[in-house]
Amino acid sequence: MAKKVSTKKSSEIENTQAKEIIRLDIDEKVEQRLIALYTLQTVDSKIDKIQIIRGELPQAIEDLEDEIAGLETRISNHNSAIKETEAAIAARKNEIAEHEAILKDNEKKMDNVRNNREYESLNKEVEFQNLEIQLCERRNKEGLAKIAEIKQHIEAANQLLENRKADLKTKKDELDDIIKETEKDEERLAKKSKEQEQYIEEHYLKAYKRIRQAARNGLAVVPIDRDACGGCFNKIPPQRQTEIKMHKKVIVCEYCGRILVDDDIARRVEESLEN
């Protein structure tokens with residue numbers, strides 16, 4: 001048991017000594033550059049999160065506004081269809097009245113027919129007028145059924161429209177609240193981002209922005225996580241990790257091109273931003 005404890009203590013001492021050797025070999029200028037780059041990345045990532053939250057809501061609001069406009073157009077078209085159908089029904093009622101007037105006239109004439117030929121002619125005219133009346137009545141019945149169906153569609157569309165307008169108001173209120181809550185944070189973070197840029201040489205800053213723009217998640221500077229790149233998650237060889245910990249130069253991932261920092265820098269940056 002004493003041997004195991006002794007071995008563990010010996011290992012801890014060796015690790016401490018190794019860290020001290022690495023610290024002695026560190027280039028402070030490079031270290032400050034890496035700290036500034038990772039701080040800039042952390043701040044920019046926080047700004048990204050704010051903009052992502054805000055970015056989803058305007059799109060949702062725009063989609064709702066488009067849907068509301070579509071529903072209003074649909075309701076307007078339905079109302080126009082009802083007016084057209086009602087106008088057609090009114091026109092056919094006038095036609096029925098005309099046909100009935102002709103029928104009465106023909107019935108009077110039938111009382112005074114002089115021969116069979118004249119009677120048959122009038123009789124055919126009466127049948128024709130009756131058929132026309134029946135056709136108009138059937139079409140009017142279909143028109144009334146169509147109006148009833150359209151009114152059901154309008155009722156459903158109006159209900160959906162009310163729901164969507166309520167959703168729109170909720171989303172707009174939510175966006176307004178987020179803007180109020182995050183506006184100061186975003187301004188503070190944007191100021192912090194600008195402050196960090198002045199500590200980074202122009203060519204490194206350009207490289208940072210280029211990598212960040214190309215990366216899907218906006219990460220240009222990432223820490224080592226479980227012996228792997230925190231951006232693409234490919235394994236980093238132990239020798240490479242030692243070089244990164246020495247802070248002698250800016251090292252990028254050979255797979256994704258992101259700038260790599262060790263957990264010591266990541267921890268120091270996170271602690272400084274918390275304070």
# chains A, B, ... in the order shown; residues from 1 in each chain; ligands from 1
call {"tool": "residues_around", "arguments": {"residues": "Ala81 (chain A)", "least_positions_apart": "3", "cutoff": "12 Å", "atoms": "only C-alpha atoms", "output": "ChimeraX atom specification"}}
result
/A:74-78,84-88,143-144,146-151,153-154
call {"tool": "closest_atom_pairs", "arguments": {"of": "region 23-64 of chain A", "to": "region 157-179 of chain A", "cutoff": "9 Å", "atoms": "only C-alpha atoms", "output": "JSON lines"}}
result
{"residue": "A:Ile50", "atom": "CA", "partner": "A:Ile178", "partner_atom": "CA", "distance": 8.7}
{"residue": "A:Ile53", "atom": "CA", "partner": "A:Ile178", "partner_atom": "CA", "distance": 8.3}
{"residue": "A:Arg54", "atom": "CA", "partner": "A:Leu175", "partner_atom": "CA", "distance": 6.8}
{"residue": "A:Leu57", "atom": "CA", "partner": "A:Leu175", "partner_atom": "CA", "distance": 6.4}
{"residue": "A:Pro58", "atom": "CA", "partner": "A:Leu175", "partner_atom": "CA", "distance": 7.6}
{"residue": "A:Ala60", "atom": "CA", "partner": "A:Lys171", "partner_atom": "CA", "distance": 7.7}
{"residue": "A:Ile61", "atom": "CA", "partner": "A:Leu168", "partner_atom": "CA", "distance": 6.1}
{"residue": "A:Leu64", "atom": "CA", "partner": "A:Leu168", "partner_atom": "CA", "distance": 6.2}
call {"tool": "write_last_selection", "arguments": {"atoms": "C-alpha atoms", "output": "mmCIF file, in the first residue's frame"}}
result
data_model
loop_
_atom_site.group_PDB
_atom_site.id
_atom_site.type_symbol
_atom_site.label_atom_id
_atom_site.label_comp_id
_atom_site.auth_asym_id
_atom_site.auth_seq_id
_atom_site.Cartn_x
_atom_site.Cartn_y
_atom_site.Cartn_z
ATOM 1 C CA ILE A 50 -27.920 35.863 -28.783
ATOM 2 C CA ILE A 53 -32.152 33.117 -30.538
ATOM 3 C CA ARG A 54 -33.167 36.446 -32.028
ATOM 4 C CA LEU A 57 -37.986 34.531 -33.980
ATOM 5 C CA PRO A 58 -37.981 37.042 -36.879
ATOM 6 C CA ALA A 60 -41.051 32.611 -37.325
ATOM 7 C CA ILE A 61 -42.746 36.032 -37.314
ATOM 8 C CA LEU A 64 -46.720 33.755 -39.536
#
call {"tool": "residues_around", "arguments": {"residues": "region 120-132 of chain A", "least_positions_apart": "3", "cutoff": "10 Å", "atoms": "only C-alpha atoms", "output": "PyMOL selection string"}}
result
chain A and resi 92+95-96+98-107+109-110+113+115-117+135-138
call {"tool": "write_last_selection", "arguments": {"atoms": "C-alpha atoms", "output": "short mmCIF file (atom, residue, chain, number, x, y, z; two decimals), in the first residue's frame"}}
result
data_model
loop_
_atom_site.label_atom_id
_atom_site.label_comp_id
_atom_site.auth_asym_id
_atom_site.auth_seq_id
_atom_site.Cartn_x
_atom_site.Cartn_y
_atom_site.Cartn_z
CA ARG A 92 -81.65 32.79 -62.26
CA GLU A 95 -85.04 34.02 -65.34
CA ILE A 96 -87.57 31.87 -63.45
CA GLU A 98 -89.57 35.45 -66.95
CA HIS A 99 -90.24 31.77 -67.70
CA GLU A 100 -93.29 31.81 -65.41
CA ALA A 101 -94.62 34.91 -67.18
CA ILE A 102 -94.21 33.15 -70.52
CA LEU A 103 -95.99 30.07 -69.09
CA LYS A 104 -99.00 32.12 -68.00
CA ASP A 105 -99.15 33.77 -71.38
CA ASN A 106 -98.98 30.38 -73.13
CA GLU A 107 -101.66 28.94 -70.83
CA LYS A 109 -103.22 31.17 -75.49
CA MET A 110 -103.99 27.45 -75.07
CA VAL A 113 -106.23 27.51 -79.81
CA ASN A 115 -106.21 23.72 -84.24
CA ASN A 116 -104.10 20.80 -83.02
CA ARG A 117 -100.95 22.09 -84.63
CA LEU A 135 -82.97 23.74 -64.40
CA CYS A 136 -82.73 27.19 -62.80
CA GLU A 137 -84.14 25.89 -59.53
CA ARG A 138 -81.69 22.97 -59.49
#
call {"tool": "select_by_dssp", "arguments": {"residues": "region 197-274 of chain A", "states": "strand (DSSP E or B)", "output": "ChimeraX atom specification"}}
result
/A:221-225,228-229,235,251-252,259-261
call {"tool": "closest_residue", "arguments": {"among": "A:Leu205, A:Ile200, A:Ile52, A:Cys232", "to": "Arg33 (chain A)", "atoms": "only C-alpha atoms"}}
result
A:Ile200
call {"tool": "closest_atom_pairs", "arguments": {"of": "region 33-96 of chain A", "to": "region 180-189 of chain A", "cutoff": "10 Å", "atoms": "only C-alpha atoms", "output": "JSON lines"}}
result
{"residue": "A:Leu40", "atom": "CA", "partner": "A:Leu189", "partner_atom": "CA", "distance": 9.6}
{"residue": "A:Thr42", "atom": "CA", "partner": "A:Leu189", "partner_atom": "CA", "distance": 9.8}
{"residue": "A:Val43", "atom": "CA", "partner": "A:Leu189", "partner_atom": "CA", "distance": 6.1}
{"residue": "A:Asp44", "atom": "CA", "partner": "A:Leu189", "partner_atom": "CA", "distance": 7.6}
{"residue": "A:Ser45", "atom": "CA", "partner": "A:Leu189", "partner_atom": "CA", "distance": 9.8}
{"residue": "A:Lys46", "atom": "CA", "partner": "A:Leu189", "partner_atom": "CA", "distance": 7.7}
{"residue": "A:Ile47", "atom": "CA", "partner": "A:Glu186", "partner_atom": "CA", "distance": 6.1}
{"residue": "A:Asp48", "atom": "CA", "partner": "A:Glu186", "partner_atom": "CA", "distance": 9.5}
{"residue": "A:Ile50", "atom": "CA", "partner": "A:Thr182", "partner_atom": "CA", "distance": 6.9}
{"residue": "A:Gln51", "atom": "CA", "partner": "A:Glu186", "partner_atom": "CA", "distance": 8.8}
{"residue": "A:Arg54", "atom": "CA", "partner": "A:Thr182", "partner_atom": "CA", "distance": 9.2}
call {"tool": "write_last_selection", "arguments": {"atoms": "N, CA and C atoms", "output": "mmCIF file, in the first residue's frame"}}
result
data_model
loop_
_atom_site.group_PDB
_atom_site.id
_atom_site.type_symbol
_atom_site.label_atom_id
_atom_site.label_comp_id
_atom_site.auth_asym_id
_atom_site.auth_seq_id
_atom_site.Cartn_x
_atom_site.Cartn_y
_atom_site.Cartn_z
ATOM 1 N N LEU A 40 -11.571 36.308 -27.529
ATOM 2 C CA LEU A 40 -12.360 36.834 -28.655
ATOM 3 C C LEU A 40 -13.363 35.786 -29.135
ATOM 4 N N THR A 42 -14.618 33.224 -27.413
ATOM 5 C CA THR A 42 -15.642 33.006 -26.379
ATOM 6 C C THR A 42 -16.688 34.108 -26.409
ATOM 7 N N VAL A 43 -16.225 35.361 -26.531
ATOM 8 C CA VAL A 43 -17.141 36.506 -26.575
ATOM 9 C C VAL A 43 -17.995 36.452 -27.847
ATOM 10 N N ASP A 44 -17.351 36.181 -28.987
ATOM 11 C CA ASP A 44 -18.091 36.115 -30.257
ATOM 12 C C ASP A 44 -19.108 34.974 -30.253
ATOM 13 N N SER A 45 -18.776 33.872 -29.596
ATOM 14 C CA SER A 45 -19.718 32.743 -29.497
ATOM 15 C C SER A 45 -20.955 33.128 -28.690
ATOM 16 N N LYS A 46 -20.746 33.929 -27.636
ATOM 17 C CA LYS A 46 -21.886 34.401 -26.840
ATOM 18 C C LYS A 46 -22.775 35.336 -27.663
ATOM 19 N N ILE A 47 -22.146 36.182 -28.473
ATOM 20 C CA ILE A 47 -22.913 37.058 -29.374
ATOM 21 C C ILE A 47 -23.687 36.218 -30.382
ATOM 22 N N ASP A 48 -23.038 35.159 -30.886
ATOM 23 C CA ASP A 48 -23.697 34.261 -31.846
ATOM 24 C C ASP A 48 -24.961 33.652 -31.249
ATOM 25 N N ILE A 50 -26.877 34.835 -28.874
ATOM 26 C CA ILE A 50 -27.920 35.863 -28.783
ATOM 27 C C ILE A 50 -28.575 36.062 -30.148
ATOM 28 N N GLN A 51 -27.747 36.147 -31.189
ATOM 29 C CA GLN A 51 -28.257 36.398 -32.540
ATOM 30 C C GLN A 51 -29.029 35.199 -33.090
ATOM 31 N N ARG A 54 -32.427 35.349 -31.416
ATOM 32 C CA ARG A 54 -33.167 36.446 -32.028
ATOM 33 C C ARG A 54 -33.465 36.141 -33.496
#
call {"tool": "atom_distance", "arguments": {"atom1": "CA of Ala228 (chain A)", "atom2": "CA of Ile211 (chain A)"}}
result
18.4 Å
call {"tool": "select_by_dssp", "arguments": {"residues": "region 36-237 of chain A", "states": "alpha helix (DSSP H)", "output": "PyMOL selection string"}}
result
chain A and resi 36-110+116-197+202-214
call {"tool": "closest_residue", "arguments": {"among": "A:Lys83, A:Lys206, A:Arg212, A:Arg139", "to": "Cys256 (chain A)", "atoms": "only C-alpha atoms"}}
result
A:Arg212
call {"tool": "atom_distance", "arguments": {"atom1": "CA of Tyr38 (chain A)", "atom2": "CA of Val261 (chain A)"}}
result
7.6 Å
